[in-house]
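Novice: This one is target.txt, compact mmCIF, C-alpha atoms.
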```
# COMPACT_ATOMS: atom_id res chain seq x y z
CA MET X 21 -5.44 -27.01 -41.44
CA LYS X 22 -6.67 -23.72 -40.01
CA THR X 23 -4.07 -21.18 -39.11
CA SER X 24 -4.51 -18.77 -36.25
CA LYS X 25 -5.33 -15.22 -37.21
CA LYS X 26 -2.30 -13.01 -37.08
CA GLN X 27 -2.47 -10.46 -34.29
CA THR X 28 -2.70 -6.89 -35.56
CA PRO X 29 -1.35 -3.68 -34.03
CA VAL X 30 -4.97 -2.71 -33.37
CA ASP X 31 -5.41 -5.85 -31.23
CA ASP X 32 -2.30 -5.01 -29.26
CA SER X 33 -3.42 -1.42 -28.82
CA GLU X 34 -6.86 -2.47 -27.55
CA ARG X 35 -5.33 -4.96 -25.15
CA SER X 36 -3.00 -2.26 -23.83
CA ARG X 37 -5.90 0.16 -23.31
CA SER X 38 -7.88 -2.55 -21.54
CA GLN X 39 -4.96 -3.28 -19.20
CA ASP X 40 -4.49 0.43 -18.53
CA ARG X 41 -8.18 0.78 -17.61
CA PHE X 42 -7.98 -2.20 -15.29
CA HIS X 43 -4.86 -0.93 -13.48
CA ALA X 44 -6.27 2.59 -13.17
CA ILE X 45 -9.48 1.33 -11.55
CA TYR X 46 -7.70 -1.24 -9.38
CA SER X 47 -5.06 1.23 -8.15
CA ALA X 48 -7.63 3.94 -7.43
CA LEU X 49 -9.88 1.62 -5.42
CA ARG X 50 -6.96 0.14 -3.51
CA GLU X 51 -5.69 3.58 -2.54
CA ARG X 52 -9.15 4.73 -1.45
CA ILE X 53 -9.40 1.70 0.84
CA ALA X 54 -5.94 2.43 2.26
CA LEU X 55 -6.85 6.07 2.88
CA LEU X 56 -10.23 5.15 4.43
CA ASP X 57 -12.17 6.92 1.71
CA TYR X 58 -14.03 3.61 1.85
CA LEU X 59 -14.46 2.50 5.44
CA PRO X 60 -14.20 -1.11 6.66
CA GLY X 61 -17.57 -2.78 6.16
CA GLU X 62 -18.72 -0.20 3.58
CA ARG X 63 -20.66 -1.46 0.56
CA LEU X 64 -19.25 -0.51 -2.85
CA SER X 65 -21.82 0.24 -5.54
CA GLU X 66 -20.75 -1.32 -8.84
CA ALA X 67 -23.21 0.86 -10.74
CA LEU X 68 -21.87 4.11 -9.28
CA LEU X 69 -18.23 3.07 -9.70
CA ALA X 70 -18.77 2.00 -13.30
CA GLU X 71 -20.38 5.37 -13.98
CA GLU X 72 -17.56 7.24 -12.23
CA PHE X 73 -14.80 5.49 -14.18
CA GLY X 74 -16.77 5.53 -17.42
CA VAL X 75 -16.53 1.78 -17.97
CA SER X 76 -18.79 -1.25 -18.17
CA ARG X 77 -19.03 -3.51 -15.15
CA THR X 78 -16.64 -6.05 -16.72
CA PRO X 79 -13.34 -4.20 -16.07
CA LEU X 80 -14.73 -2.95 -12.74
CA ARG X 81 -15.51 -6.48 -11.60
CA ALA X 82 -12.04 -7.61 -12.70
CA ALA X 83 -10.54 -4.97 -10.40
CA LEU X 84 -12.88 -5.92 -7.54
CA ASN X 85 -12.02 -9.60 -8.01
CA ARG X 86 -8.33 -8.82 -7.65
CA LEU X 87 -8.97 -6.72 -4.55
CA GLU X 88 -10.97 -9.62 -3.12
CA SER X 89 -8.11 -12.04 -3.77
CA GLU X 90 -5.87 -9.62 -1.86
CA GLY X 91 -8.21 -9.52 1.13
CA LEU X 92 -9.36 -5.90 0.77
CA VAL X 93 -12.96 -6.51 -0.29
CA GLU X 94 -15.38 -9.40 -0.07
CA SER X 95 -18.28 -10.33 -2.31
CA ARG X 96 -21.50 -11.48 -0.65
CA HIS X 97 -23.77 -13.37 -2.97
CA GLY X 98 -26.95 -11.48 -3.69
CA VAL X 99 -25.90 -8.58 -1.46
CA GLY X 100 -22.88 -6.85 -3.00
CA THR X 101 -19.21 -6.11 -2.51
CA PHE X 102 -17.95 -4.79 0.81
CA VAL X 103 -14.66 -3.47 2.14
CA THR X 104 -13.32 -6.09 4.54
CA VAL X 105 -13.26 -5.37 8.26
CA ILE X 106 -9.91 -5.19 10.04
CA ASP X 107 -8.89 -8.34 11.88
CA MET X 108 -6.08 -7.81 14.40
CA GLU X 109 -5.01 -11.45 14.35
CA LYS X 110 -4.64 -11.40 10.57
CA LEU X 111 -2.80 -8.07 10.83
CA ARG X 112 -0.39 -9.64 13.29
CA GLU X 113 0.32 -12.49 10.87
CA VAL X 114 0.86 -10.16 7.92
CA TYR X 115 3.13 -7.88 9.91
CA ALA X 116 5.19 -10.86 11.08
CA LEU X 117 5.65 -11.92 7.45
CA ARG X 118 6.53 -8.39 6.34
CA ARG X 119 9.12 -8.24 9.12
CA GLU X 120 10.77 -11.50 8.03
CA LEU X 121 10.77 -10.52 4.36
CA ALA X 122 12.40 -7.12 4.99
CA PRO X 123 16.00 -8.46 4.89
CA LEU X 124 15.37 -9.72 1.35
CA ILE X 125 15.32 -6.11 0.19
CA ALA X 126 19.13 -6.23 0.41
CA MET X 127 19.49 -9.82 -0.80
CA LEU X 128 17.43 -10.11 -3.99
CA SER X 129 18.65 -7.83 -6.77
CA PRO X 130 18.97 -4.61 -4.73
CA ILE X 131 19.24 -1.33 -6.61
CA PRO X 132 21.54 1.42 -5.29
CA PRO X 133 19.54 4.52 -4.25
CA THR X 134 19.64 7.31 -6.80
CA GLU X 135 19.96 11.00 -6.01
CA GLU X 136 16.37 11.43 -7.14
CA LEU X 137 15.17 8.76 -4.70
CA ILE X 138 17.17 10.28 -1.85
CA SER X 139 15.63 13.66 -2.63
CA THR X 140 12.14 12.12 -2.61
CA VAL X 141 12.67 10.50 0.78
CA ASP X 142 14.21 13.69 2.14
CA GLN X 143 11.04 15.56 1.15
CA LEU X 144 8.96 12.92 2.93
CA VAL X 145 10.76 13.77 6.16
CA ASP X 146 9.35 17.30 5.94
CA GLU X 147 5.95 16.05 4.80
CA CYS X 148 5.69 13.68 7.73
CA SER X 149 6.78 16.31 10.26
CA ASP X 150 3.98 18.58 8.95
CA ILE X 151 1.26 16.04 9.78
CA TYR X 152 0.75 17.76 13.15
CA ASP X 153 -0.63 20.84 11.35
CA SER X 154 -2.72 18.90 8.83
CA ASP X 155 -6.49 19.34 8.63
CA ASN X 156 -6.76 15.55 8.38
CA PRO X 157 -3.76 14.00 10.21
CA LYS X 158 -4.96 10.44 9.70
CA GLN X 159 -5.19 10.70 5.94
CA ALA X 160 -1.99 12.74 5.76
CA PHE X 161 -0.18 9.99 7.67
CA ALA X 162 -1.63 7.30 5.39
CA LYS X 163 -0.48 9.18 2.29
CA VAL X 164 3.09 9.56 3.60
CA ASN X 165 3.08 5.89 4.56
CA ILE X 166 2.20 4.89 0.98
CA LYS X 167 4.78 7.25 -0.53
CA PHE X 168 7.53 5.94 1.75
CA PHE X 169 6.68 2.34 0.93
CA LEU X 170 6.77 3.07 -2.81
CA ALA X 171 10.14 4.77 -2.32
CA LEU X 172 11.54 1.67 -0.63
CA MET X 173 10.28 -0.45 -3.53
CA GLN X 174 12.63 1.49 -5.81
CA LEU X 175 15.50 -0.33 -4.09
CA ILE X 176 14.25 -3.71 -5.37
CA ASP X 177 14.72 -5.17 -8.85
CA ASN X 178 13.21 -8.57 -8.03
CA SER X 179 9.67 -8.37 -9.41
CA ALA X 180 8.35 -11.33 -7.40
CA LEU X 181 9.53 -9.82 -4.12
CA LYS X 182 8.07 -6.43 -5.03
CA GLU X 183 4.72 -8.01 -5.84
CA ILE X 184 4.57 -9.88 -2.52
CA LEU X 185 5.66 -6.86 -0.45
CA GLU X 186 3.12 -4.65 -2.21
CA LEU X 187 0.28 -7.09 -1.55
CA LEU X 188 1.20 -7.36 2.13
CA PHE X 189 1.67 -3.62 2.54
CA TYR X 190 -1.80 -2.74 1.29
CA ARG X 191 -3.33 -5.33 3.61
CA THR X 192 -1.96 -3.34 6.54
CA ALA X 193 -1.81 0.25 5.23
CA ARG X 194 -5.25 1.30 6.50
CA MET X 195 -4.70 0.06 10.03
CA TRP X 196 -3.12 3.31 11.27
CA PRO X 197 -5.94 5.70 10.35
CA ALA X 198 -8.58 3.08 11.19
CA LEU X 199 -7.34 1.92 14.59
CA THR X 200 -5.83 5.03 16.17
CA THR X 201 -7.13 8.36 17.44
CA GLU X 202 -6.00 11.64 15.92
CA GLU X 203 -3.80 12.26 18.95
CA GLU X 204 -2.20 8.83 18.58
CA ILE X 205 -1.58 9.27 14.84
CA ILE X 206 0.20 12.57 15.50
CA LYS X 207 2.34 10.81 18.10
CA GLU X 208 3.07 8.02 15.61
CA ALA X 209 3.92 10.59 12.93
CA ALA X 210 6.77 11.88 15.10
CA GLN X 211 8.15 8.34 15.31
CA PHE X 212 7.64 7.83 11.58
CA THR X 213 9.47 11.06 10.77
CA LYS X 214 12.55 9.72 12.54
CA GLU X 215 12.23 6.41 10.69
CA ILE X 216 12.13 8.17 7.33
CA TYR X 217 15.04 10.44 8.31
CA ASP X 218 17.20 7.49 9.42
CA THR X 219 16.41 5.66 6.18
CA CYS X 220 17.31 8.73 4.14
CA GLU X 221 20.67 9.02 5.90
CA LEU X 222 21.42 5.37 5.15
CA MET X 223 20.44 5.88 1.52
CA LYS X 224 23.07 8.59 1.28
CA THR X 225 25.71 6.02 2.26
CA GLY X 226 24.28 3.41 -0.13
CA ASP X 227 24.06 0.83 2.67
CA ILE X 228 21.03 -1.22 1.60
CA ASP X 229 21.81 -3.95 4.15
CA ALA X 230 21.40 -1.39 6.92
CA ILE X 231 18.24 -0.02 5.32
CA ALA X 232 16.71 -3.50 5.20
CA SER X 233 17.70 -4.23 8.81
CA LEU X 234 16.24 -0.91 9.94
CA GLN X 235 13.02 -1.64 8.10
CA ARG X 236 12.72 -5.00 9.87
CA VAL X 237 13.14 -3.36 13.28
CA HIS X 238 10.66 -0.62 12.48
CA LEU X 239 8.02 -3.09 11.30
CA SER X 240 8.37 -5.05 14.52
CA GLN X 241 8.19 -2.00 16.77
CA ALA X 242 5.35 -0.40 14.82
CA PHE X 243 2.98 -3.29 15.41
CA ILE X 244 3.86 -3.38 19.10
CA ARG X 245 2.90 0.29 19.32
CA LEU X 246 -0.31 -0.30 17.37
CA GLU X 247 -1.39 -3.04 19.77
CA ALA X 248 -0.66 -0.71 22.69
CA TYR X 249 -2.82 2.02 21.12
CA CYS X 250 -5.68 -0.43 20.64
CA LYS X 251 -5.55 -1.49 24.30
CA GLU X 252 -5.69 2.05 25.66
```
Could you show the structure in this file as structure tokens?
Specialist:
Amino acid sequence: MKTSKKQTPVDDSERSRSQDRFHAIYSALRERIALLDYLPGERLSEALLAEEFGVSRTPLRAALNRLESEGLVESRHGVGTFVTVIDMEKLREVYALRRELAPLIAMLSPIPPTEELISTVDQLVDECSDIYDSDNPKQAFAKVNIKFFLALMQLIDNSALKEILELLFYRTARMWPALTTEEEIIKEAAQFTKEIYDTCELMKTGDIDAIASLQRVHLSQAFIRLEAYCKE
């Protein structure tokens, strides 16, 4: 009877490096889509990306396949890979789901906010209030939005919930810079600054139930405002 070859440390090391390459490429592309470095409908060149990241097309395609499964890119046979266009109806559905999942932040293995996390969110208040003076308010807003979301994820120890919330967040993250004018994004930044401030104050009390409830309200109101911007 043949026995399976025993795995060596070298095998484990190579697998780890391969996973690190995949996550680095995947995370970089996802963030670029969220920040509108790649615009909706834009074609992504596999050859140029493989050259940029210094990899073969195999790990690059693995990252693109995951982004496609998450609705951020689409592959067109014989044509290439494109950033998906923004569909308001799909956005509405995703936002509704994010809103209903928000209370679970306080229900599934919540983690008390640390002093370091509170300090991070406190700094985001200042960063968000400075968007008005930014050279690129839309991208500045998108960056703060991502940082604030990642800060909220530090309150969750349930890996399945974190994975779902992360997937849904990145499906909607680019909507603000893509669907609003610079004037509107500055107006929204003022509202967002208050949201971050209120969350920070609740973190100081350790009231995760209140944080989750506030997040649900903010998600609901944010989409209402976005629809109003799009109709103007």
Novice: Could you state the separation of atom CA of Glu221 of chain X and atom CA of Lys182 of chain X in Å, given to one decimal place?
Specialist: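 According to the coordinates, atom CA of Glu221 of chain X and atom CA of Lys182 of chain X are separated by 22.7 Å.
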Novice: Find the spatial neighbours of segment 236-252 of chain X, counting only C-alpha atoms, within a cut-off of 10 Å - ignore same-chain residues fewer than 2 positions away - and output them as a ChimeraX atom specification.
Specialist: /X:108,111-112,115-123,195-196,199-201,204-205,208,211-212,215,230-234
Novice: Please return, as JSON, numbers by chain, all polymer residues that have at least one atom within 10 Å of the point (1.0, -8.0, 0.1); use all atoms listed in the file and the file's own coordinate frame.
Specialist: {"X": [90, 91, 114, 117, 118, 181, 182, 183, 184, 185, 186, 187, 188, 189, 190, 191, 192]}
Novice: Given only C-alpha atoms as the basis, pick out the residue of X:Ser129, X:Gln143, X:Thr134, X:Thr213 nearest to Ile176 of chain X.
Specialist: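 Closest to Ile176 of chain X of all the choices is X:Ser129.
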Novice: Mind giving me the straight-line distance from atom CA of Arg194 of chain X to atom CA of Asp107 of chain X in Å, one decimal?
Specialist: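 Atom CA of Arg194 of chain X sits 11.6 Å away from atom CA of Asp107 of chain X.
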Novice: Could you state the separation of atom CA of Arg77 of chain X and atom CA of Arg41 of chain X in Å, given to one decimal place?
Specialist: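 These atoms are spaced 11.9 Å apart.
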Novice: So that each row is one residue of segment 81-130 of chain X with an atom at most 12 Å from segment 50-54 of chain X, can you give its shortest atom pair and the distance in Å to one decimal, using only C-alpha atoms, rows by chain and rising number, as a Markdown table?
Specialist:
```
| residue | atom | partner | partner_atom | distance |
| --- | --- | --- | --- | --- |
| X:Ala83 | CA | X:Arg50 | CA | 9.3 |
| X:Leu84 | CA | X:Arg50 | CA | 9.4 |
| X:Asn85 | CA | X:Arg50 | CA | 11.9 |
| X:Arg86 | CA | X:Arg50 | CA | 10.0 |
| X:Leu87 | CA | X:Arg50 | CA | 7.2 |
| X:Glu88 | CA | X:Arg50 | CA | 10.6 |
| X:Glu90 | CA | X:Arg50 | CA | 10.0 |
| X:Gly91 | CA | X:Arg50 | CA | 10.8 |
| X:Leu92 | CA | X:Ile53 | CA | 7.6 |
| X:Val93 | CA | X:Ile53 | CA | 9.0 |
| X:Phe102 | CA | X:Ile53 | CA | 10.7 |
| X:Val103 | CA | X:Ile53 | CA | 7.5 |
| X:Thr104 | CA | X:Ile53 | CA | 9.5 |
| X:Val105 | CA | X:Ile53 | CA | 11.0 |
| X:Ile106 | CA | X:Ile53 | CA | 11.5 |
```
Novice: Could you write those residues out with C-alpha atoms, as a short mmCIF file (atom, residue, chain, number, x, y, z; two decimals), in the frame of the given file?
Specialist:
```
data_model
loop_
_atom_site.label_atom_id
_atom_site.label_comp_id
_atom_site.auth_asym_id
_atom_site.auth_seq_id
_atom_site.Cartn_x
_atom_site.Cartn_y
_atom_site.Cartn_z
CA ALA X 83 -10.54 -4.97 -10.40
CA LEU X 84 -12.88 -5.92 -7.54
CA ASN X 85 -12.02 -9.60 -8.01
CA ARG X 86 -8.33 -8.82 -7.65
CA LEU X 87 -8.97 -6.72 -4.55
CA GLU X 88 -10.97 -9.62 -3.12
CA GLU X 90 -5.87 -9.62 -1.86
CA GLY X 91 -8.21 -9.52 1.13
CA LEU X 92 -9.36 -5.90 0.77
CA VAL X 93 -12.96 -6.51 -0.29
CA PHE X 102 -17.95 -4.79 0.81
CA VAL X 103 -14.66 -3.47 2.14
CA THR X 104 -13.32 -6.09 4.54
CA VAL X 105 -13.26 -5.37 8.26
CA ILE X 106 -9.91 -5.19 10.04
#
```
Novice: For Glu71 of chain X, please output as a list in words all residues within 12 Å (counting only C-alpha atoms; exclusion window: fewer than 5 positions along the same chain).
Specialist: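 Those residues are Ile45, Ser65, Glu66, Ser76, Arg77 and Leu80 of chain X.
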Novice: With distances taken over all atoms listed in the file, which of X:Leu55, X:Val141, X:Lys224, X:Leu69 is nearest to Phe161 of chain X?
Specialist: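 Using all atoms listed in the file, the shortest distance to Phe161 of chain X belongs to X:Leu55.
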Novice: Centre and edge lengths of an axis-aligned box around all listed atoms of segment 79-93 of chain X, with 6 Å added on each side, are to be given in Å to one decimal, as lines of an AutoDock Vina configuration file.
Specialist:
```
center_x = -10.7
center_y = -7.5
center_z = -7.5
size_x = 21.6
size_y = 21.1
size_z = 29.2
```
Novice: When you look at Tyr217 of chain X with a cut-off of 10 Å (counting only C-alpha atoms), what residues show up, excluding the ones that are within fewer than 5 positions of it in the same chain? I need them as a list of chain:residue names.
Specialist: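 The filter keeps X:Val141, X:Asp142, X:Gln143, X:Leu144, X:Val145, X:Asp146, X:Cys148, X:Phe212, X:Leu222, X:Met223.
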